[in-house]
$ cat target-v7.pdb   # PDB, C-alpha atoms
ATOM      1  CA  MET N   1      69.684  84.918  99.356  1.00  0.00           C
ATOM      2  CA  ALA N   2      71.918  87.998  99.730  1.00  0.00           C
ATOM      3  CA  GLU N   3      74.987  86.060  98.552  1.00  0.00           C
ATOM      4  CA  LYS N   4      73.198  85.152  95.307  1.00  0.00           C
ATOM      5  CA  PHE N   5      71.829  88.680  94.784  1.00  0.00           C
ATOM      6  CA  LEU N   6      75.114  90.532  95.306  1.00  0.00           C
ATOM      7  CA  PRO N   7      77.071  88.958  92.397  1.00  0.00           C
ATOM      8  CA  LEU N   8      74.064  89.432  90.132  1.00  0.00           C
ATOM      9  CA  SER N   9      73.702  93.113  91.027  1.00  0.00           C
ATOM     10  CA  ILE N  10      77.451  93.728  90.627  1.00  0.00           C
ATOM     11  CA  SER N  11      77.348  91.987  87.263  1.00  0.00           C
ATOM     12  CA  ARG N  12      74.426  94.162  86.140  1.00  0.00           C
ATOM     13  CA  ALA N  13      76.170  97.305  87.396  1.00  0.00           C
ATOM     14  CA  SER N  14      79.308  96.218  85.557  1.00  0.00           C
ATOM     15  CA  GLU N  15      77.441  95.756  82.267  1.00  0.00           C
ATOM     16  CA  ALA N  16      75.655  99.108  82.646  1.00  0.00           C
ATOM     17  CA  SER N  17      78.983 100.763  83.456  1.00  0.00           C
ATOM     18  CA  LYS N  18      80.571  99.311  80.320  1.00  0.00           C
ATOM     19  CA  ARG N  19      77.735 100.712  78.196  1.00  0.00           C
ATOM     20  CA  PHE N  20      78.040 104.103  79.917  1.00  0.00           C
ATOM     21  CA  LEU N  21      81.826 104.254  79.506  1.00  0.00           C
ATOM     22  CA  GLY N  22      81.540 103.191  75.877  1.00  0.00           C
ATOM     23  CA  GLY N  23      79.109 106.034  75.224  1.00  0.00           C
ATOM     24  CA  VAL N  24      81.252 108.594  77.057  1.00  0.00           C
ATOM     25  CA  CYS N  25      84.367 107.493  75.171  1.00  0.00           C
ATOM     26  CA  ALA N  26      82.538 107.611  71.832  1.00  0.00           C
ATOM     27  CA  LEU N  27      81.277 111.123  72.602  1.00  0.00           C
ATOM     28  CA  ALA N  28      84.750 112.266  73.718  1.00  0.00           C
ATOM     29  CA  MET N  29      86.273 110.793  70.555  1.00  0.00           C
ATOM     30  CA  ALA N  30      83.714 112.582  68.366  1.00  0.00           C
ATOM     31  CA  LEU N  31      84.406 115.876  70.174  1.00  0.00           C
ATOM     32  CA  LEU N  32      88.153 115.301  69.827  1.00  0.00           C
ATOM     33  CA  THR N  33      87.779 114.725  66.093  1.00  0.00           C
ATOM     34  CA  LEU N  34      85.619 117.826  65.656  1.00  0.00           C
ATOM     35  CA  SER N  35      88.017 119.935  67.735  1.00  0.00           C
ATOM     36  CA  VAL N  36      91.047 118.905  65.684  1.00  0.00           C
ATOM     37  CA  LEU N  37      89.179 119.399  62.399  1.00  0.00           C
ATOM     38  CA  TRP N  38      87.988 122.838  63.523  1.00  0.00           C
ATOM     39  CA  GLY N  39      91.536 123.778  64.525  1.00  0.00           C
ATOM     40  CA  VAL N  40      92.911 122.742  61.140  1.00  0.00           C
ATOM     41  CA  ALA N  41      90.089 124.493  59.278  1.00  0.00           C
ATOM     42  CA  THR N  42      90.514 127.767  61.163  1.00  0.00           C
ATOM     43  CA  ARG N  43      94.277 127.679  60.653  1.00  0.00           C
ATOM     44  CA  TYR N  44      93.967 127.300  56.896  1.00  0.00           C
ATOM     45  CA  LEU N  45      90.869 129.440  56.351  1.00  0.00           C
ATOM     46  CA  PHE N  46      91.634 132.328  58.706  1.00  0.00           C
ATOM     47  CA  GLY N  47      95.396 132.101  59.093  1.00  0.00           C
ATOM     48  CA  THR N  48      95.259 131.445  62.851  1.00  0.00           C
ATOM     49  CA  GLN N  49      94.048 128.446  64.784  1.00  0.00           C
ATOM     50  CA  ALA N  50      91.067 128.788  67.126  1.00  0.00           C
ATOM     51  CA  ALA N  51      92.565 129.192  70.593  1.00  0.00           C
ATOM     52  CA  PHE N  52      90.548 126.532  72.385  1.00  0.00           C
ATOM     53  CA  THR N  53      91.006 123.645  69.948  1.00  0.00           C
ATOM     54  CA  GLU N  54      94.481 122.543  71.016  1.00  0.00           C
ATOM     55  CA  GLU N  55      93.704 122.573  74.746  1.00  0.00           C
ATOM     56  CA  LEU N  56      90.336 120.895  74.235  1.00  0.00           C
ATOM     57  CA  ALA N  57      91.961 118.136  72.185  1.00  0.00           C
ATOM     58  CA  ARG N  58      94.603 117.583  74.870  1.00  0.00           C
ATOM     59  CA  MET N  59      92.030 117.400  77.670  1.00  0.00           C
ATOM     60  CA  LEU N  60      89.764 115.056  75.698  1.00  0.00           C
ATOM     61  CA  LEU N  61      92.749 112.819  75.028  1.00  0.00           C
ATOM     62  CA  ILE N  62      93.362 112.575  78.793  1.00  0.00           C
ATOM     63  CA  VAL N  63      89.710 111.659  79.363  1.00  0.00           C
ATOM     64  CA  ILE N  64      89.734 109.070  76.571  1.00  0.00           C
ATOM     65  CA  THR N  65      92.954 107.537  77.901  1.00  0.00           C
ATOM     66  CA  PHE N  66      91.690 106.969  81.428  1.00  0.00           C
ATOM     67  CA  LEU N  67      88.042 106.157  80.768  1.00  0.00           C
ATOM     68  CA  GLY N  68      88.927 104.138  77.657  1.00  0.00           C
ATOM     69  CA  GLY N  69      91.437 102.177  79.722  1.00  0.00           C
ATOM     70  CA  ALA N  70      88.755 101.381  82.283  1.00  0.00           C
ATOM     71  CA  TYR N  71      86.375 100.384  79.466  1.00  0.00           C
ATOM     72  CA  ALA N  72      89.012  98.123  77.901  1.00  0.00           C
ATOM     73  CA  PHE N  73      89.721  96.589  81.303  1.00  0.00           C
ATOM     74  CA  GLY N  74      86.022  95.887  81.867  1.00  0.00           C
ATOM     75  CA  SER N  75      85.632  94.424  78.387  1.00  0.00           C
ATOM     76  CA  GLY N  76      88.683  92.188  78.736  1.00  0.00           C
ATOM     77  CA  ALA N  77      90.407  94.013  75.865  1.00  0.00           C
ATOM     78  CA  HIS N  78      93.355  95.240  77.944  1.00  0.00           C
ATOM     79  CA  ILE N  79      96.860  93.945  77.411  1.00  0.00           C
ATOM     80  CA  GLY N  80      97.413  90.818  79.456  1.00  0.00           C
ATOM     81  CA  LEU N  81     100.773  89.222  80.015  1.00  0.00           C
ATOM     82  CA  ASP N  82      99.675  85.631  80.388  1.00  0.00           C
ATOM     83  CA  PHE N  83     102.415  84.096  78.245  1.00  0.00           C
ATOM     84  CA  LEU N  84     104.160  82.555  81.244  1.00  0.00           C
ATOM     85  CA  SER N  85     101.063  81.558  83.190  1.00  0.00           C
ATOM     86  CA  GLU N  86      99.621  79.743  80.141  1.00  0.00           C
ATOM     87  CA  ARG N  87     102.503  77.267  80.399  1.00  0.00           C
ATOM     88  CA  PHE N  88     101.504  76.215  83.917  1.00  0.00           C
ATOM     89  CA  GLU N  89      98.947  73.563  84.759  1.00  0.00           C
ATOM     90  CA  SER N  90      95.398  74.711  85.498  1.00  0.00           C
ATOM     91  CA  SER N  91      95.727  75.042  89.290  1.00  0.00           C
ATOM     92  CA  ALA N  92      98.864  77.195  88.975  1.00  0.00           C
ATOM     93  CA  HIS N  93      97.208  79.163  86.178  1.00  0.00           C
ATOM     94  CA  ARG N  94      94.227  79.939  88.447  1.00  0.00           C
ATOM     95  CA  LEU N  95      96.617  81.007  91.210  1.00  0.00           C
ATOM     96  CA  CYS N  96      98.425  83.348  88.785  1.00  0.00           C
ATOM     97  CA  ALA N  97      95.065  84.796  87.736  1.00  0.00           C
ATOM     98  CA  LYS N  98      94.112  85.421  91.368  1.00  0.00           C
ATOM     99  CA  ILE N  99      97.455  87.109  92.058  1.00  0.00           C
ATOM    100  CA  ALA N 100      97.054  89.258  88.938  1.00  0.00           C
ATOM    101  CA  LEU N 101      93.542  90.295  89.986  1.00  0.00           C
ATOM    102  CA  GLY N 102      94.852  91.182  93.453  1.00  0.00           C
ATOM    103  CA  LEU N 103      97.654  93.306  92.005  1.00  0.00           C
ATOM    104  CA  CYS N 104      95.187  95.013  89.676  1.00  0.00           C
ATOM    105  CA  ALA N 105      92.937  95.761  92.661  1.00  0.00           C
ATOM    106  CA  VAL N 106      95.846  97.322  94.565  1.00  0.00           C
ATOM    107  CA  PHE N 107      96.720  99.463  91.538  1.00  0.00           C
ATOM    108  CA  SER N 108      93.117 100.414  90.823  1.00  0.00           C
ATOM    109  CA  LEU N 109      92.269 101.354  94.393  1.00  0.00           C
ATOM    110  CA  GLY N 110      95.641 102.752  95.422  1.00  0.00           C
ATOM    111  CA  VAL N 111      97.031 104.511  92.393  1.00  0.00           C
ATOM    112  CA  LEU N 112      93.988 105.412  90.326  1.00  0.00           C
ATOM    113  CA  THR N 113      91.335 106.016  92.967  1.00  0.00           C
ATOM    114  CA  LEU N 114      93.254 107.298  96.004  1.00  0.00           C
ATOM    115  CA  GLY N 115      96.075 108.841  93.968  1.00  0.00           C
ATOM    116  CA  GLY N 116      93.525 110.451  91.668  1.00  0.00           C
ATOM    117  CA  ILE N 117      91.695 111.960  94.633  1.00  0.00           C
ATOM    118  CA  LEU N 118      94.983 113.380  95.930  1.00  0.00           C
ATOM    119  CA  LEU N 119      95.717 114.757  92.451  1.00  0.00           C
ATOM    120  CA  ILE N 120      92.343 116.507  92.410  1.00  0.00           C
ATOM    121  CA  LEU N 121      92.817 117.954  95.907  1.00  0.00           C
ATOM    122  CA  THR N 122      96.264 119.260  94.972  1.00  0.00           C
ATOM    123  CA  SER N 123      94.904 120.718  91.752  1.00  0.00           C
ATOM    124  CA  ILE N 124      92.029 122.431  93.587  1.00  0.00           C
ATOM    125  CA  LYS N 125      94.545 124.067  95.944  1.00  0.00           C
ATOM    126  CA  SER N 126      96.649 125.305  93.024  1.00  0.00           C
ATOM    127  CA  GLY N 127      93.609 126.793  91.261  1.00  0.00           C
ATOM    128  CA  ASN N 128      95.040 126.095  87.787  1.00  0.00           C
ATOM    129  CA  ARG N 129      92.707 126.728  84.873  1.00  0.00           C
ATOM    130  CA  LEU N 130      92.929 126.140  81.173  1.00  0.00           C
ATOM    131  CA  VAL N 131      94.042 129.303  79.418  1.00  0.00           C
ATOM    132  CA  SER N 132      91.490 129.299  76.616  1.00  0.00           C
ATOM    133  CA  MET N 133      88.471 127.788  78.380  1.00  0.00           C
ATOM    134  CA  PRO N 134      86.724 128.268  81.726  1.00  0.00           C
ATOM    135  CA  ILE N 135      87.704 124.788  82.956  1.00  0.00           C
ATOM    136  CA  TYR N 136      89.803 124.040  86.015  1.00  0.00           C
ATOM    137  CA  MET N 137      92.408 121.310  85.815  1.00  0.00           C
ATOM    138  CA  TRP N 138      90.832 119.406  88.698  1.00  0.00           C
ATOM    139  CA  GLN N 139      87.732 118.989  86.528  1.00  0.00           C
ATOM    140  CA  VAL N 140      89.835 117.296  83.864  1.00  0.00           C
ATOM    141  CA  TYR N 141      91.572 115.146  86.481  1.00  0.00           C
ATOM    142  CA  LEU N 142      88.229 113.781  87.700  1.00  0.00           C
ATOM    143  CA  CYS N 143      88.599 111.062  85.084  1.00  0.00           C
ATOM    144  CA  VAL N 144      91.492 109.490  87.044  1.00  0.00           C
ATOM    145  CA  PRO N 145      89.608 108.382  90.202  1.00  0.00           C
ATOM    146  CA  VAL N 146      86.469 107.736  88.152  1.00  0.00           C
ATOM    147  CA  SER N 147      88.417 105.271  86.005  1.00  0.00           C
ATOM    148  CA  GLY N 148      89.756 103.692  89.209  1.00  0.00           C
ATOM    149  CA  ILE N 149      86.247 103.267  90.593  1.00  0.00           C
ATOM    150  CA  PHE N 150      84.997 101.693  87.374  1.00  0.00           C
ATOM    151  CA  SER N 151      88.058  99.430  87.148  1.00  0.00           C
ATOM    152  CA  THR N 152      87.496  98.323  90.745  1.00  0.00           C
ATOM    153  CA  LEU N 153      83.864  97.512  89.954  1.00  0.00           C
ATOM    154  CA  PHE N 154      84.980  95.434  86.962  1.00  0.00           C
ATOM    155  CA  LEU N 155      87.566  93.688  89.164  1.00  0.00           C
ATOM    156  CA  PHE N 156      84.972  92.766  91.783  1.00  0.00           C
ATOM    157  CA  ASP N 157      82.737  91.426  89.023  1.00  0.00           C
ATOM    158  CA  ARG N 158      85.576  89.252  87.678  1.00  0.00           C
ATOM    159  CA  ILE N 159      86.583  88.069  91.142  1.00  0.00           C
ATOM    160  CA  LEU N 160      83.003  87.080  91.958  1.00  0.00           C
ATOM    161  CA  SER N 161      82.461  85.395  88.584  1.00  0.00           C
ATOM    162  CA  GLU N 162      85.711  83.429  88.917  1.00  0.00           C
ATOM    163  CA  GLY N 163      84.728  82.451  92.464  1.00  0.00           C
ATOM    164  CA  ALA N 164      81.382  81.198  91.156  1.00  0.00           C
ATOM    165  CA  GLU N 165      83.157  79.244  88.393  1.00  0.00           C
ATOM    166  CA  SER N 166      85.538  77.603  90.864  1.00  0.00           C
ATOM    167  CA  GLU N 167      82.565  76.675  93.087  1.00  0.00           C
ATOM    168  CA  LYS N 168      80.870  75.058  90.084  1.00  0.00           C
ATOM    169  CA  LYS N 169      84.046  73.126  89.225  1.00  0.00           C
ATOM    170  CA  GLY N 170      84.436  72.094  92.869  1.00  0.00           C
ATOM    171  CA  GLY N 171      80.827  70.873  92.966  1.00  0.00           C
ATOM    172  CA  GLU N 172      81.267  68.816  89.786  1.00  0.00           C
ATOM    173  CA  LYS N 173      84.137  66.732  91.215  1.00  0.00           C
TER     174      LYS N 173
END
$ encode --input "target-v7.pdb" --output "structure tokens"
Amino acid sequence: MAEKFLPLSISRASEASKRFLGGVCALAMALLTLSVLWGVATRYLFGTQAAFTEELARMLLIVITFLGGAYAFGSGAHIGLDFLSERFESSAHRLCAKIALGLCAVFSLGVLTLGGILLILTSIKSGNRLVSMPIYMWQVYLCVPVSGIFSTLFLFDRILSEGAESEKKGGEK
């Protein structure tokens, strides 16, 4: 019973996470657009750009990059280099897919999640803040491990769904 419930709950969490990330990225993109427009308007109307607009745009771009990357990964819209593996027969193709998922898991857990946590800890120690806004850099860097956690969730969902597909194909033989 638990083995049938776990993939279903991970799949539901994955779908909810995709919706959440899509909403966050859409909001960040809207704020980025408004920030840039406000910066341009204040430069031309008042002769000087509003101080916060450039930094806000830069920080929102960082957030969109990491969370948008996780969203694209979860949606299957990321860049995949399957040119070579497509030329193999199906068993070798499945092996290449498993290796790719394993490498993605190492990157997601190691670089994004653990490396992101170390980045935040280092940034907290430095105490760096944005010049024009009351935001610490570690708050901006939170998007790095968060994107790693979401990417790992999407990886587990894919691994479990591919395992279920291979069980179905094995049962059909």
$ closest_residue --input "target-v7.pdb" --among "N:Val40, N:Leu114, N:Ile149, N:Leu31" --to "Leu60 of chain N" --atoms "only C-alpha atoms"
N:Leu31
$ resolve_selection --input "target-v7.pdb" --expression "the PyMOL selection byres ((chain N and resi 21) around 12)" --output "number ranges by chain"
N: 13-20, 22-29, 63-75, 143, 146-147, 149-151, 154
$ resolve_selection --input "target-v7.pdb" --expression "the PyMOL selection byres ((chain N and resi 159) around 12)" --output "ChimeraX atom specification"
/N:7,10-11,94,97-102,104-105,152-158,160-166
$ atom_distance --input "target-v7.pdb" --atom1 "atom CA of Met133 of chain N" --atom2 "atom CA of Gln49 of chain N"
14.7 Å
$ atom_distance --input "target-v7.pdb" --atom1 "atom CA of Leu95 of chain N" --atom2 "atom CA of His78 of chain N"
19.7 Å
$ atom_distance --input "target-v7.pdb" --atom1 "atom CA of Val111 of chain N" --atom2 "atom CA of Val144 of chain N"
9.2 Å
$ resolve_selection --input "target-v7.pdb" --expression "the PyMOL selection byres ((chain N and resi 116-123) around 8)" --output "PDB file with C-alpha atoms, in the frame of the given file"
ATOM      1  CA  VAL N 111      97.031 104.511  92.393  1.00  0.00           C
ATOM      2  CA  LEU N 112      93.988 105.412  90.326  1.00  0.00           C
ATOM      3  CA  THR N 113      91.335 106.016  92.967  1.00  0.00           C
ATOM      4  CA  LEU N 114      93.254 107.298  96.004  1.00  0.00           C
ATOM      5  CA  GLY N 115      96.075 108.841  93.968  1.00  0.00           C
ATOM      6  CA  ILE N 124      92.029 122.431  93.587  1.00  0.00           C
ATOM      7  CA  LYS N 125      94.545 124.067  95.944  1.00  0.00           C
ATOM      8  CA  SER N 126      96.649 125.305  93.024  1.00  0.00           C
ATOM      9  CA  GLY N 127      93.609 126.793  91.261  1.00  0.00           C
ATOM     10  CA  ASN N 128      95.040 126.095  87.787  1.00  0.00           C
ATOM     11  CA  MET N 137      92.408 121.310  85.815  1.00  0.00           C
ATOM     12  CA  TRP N 138      90.832 119.406  88.698  1.00  0.00           C
ATOM     13  CA  GLN N 139      87.732 118.989  86.528  1.00  0.00           C
ATOM     14  CA  TYR N 141      91.572 115.146  86.481  1.00  0.00           C
ATOM     15  CA  LEU N 142      88.229 113.781  87.700  1.00  0.00           C
ATOM     16  CA  VAL N 144      91.492 109.490  87.044  1.00  0.00           C
ATOM     17  CA  PRO N 145      89.608 108.382  90.202  1.00  0.00           C
TER      18      PRO N 145
END
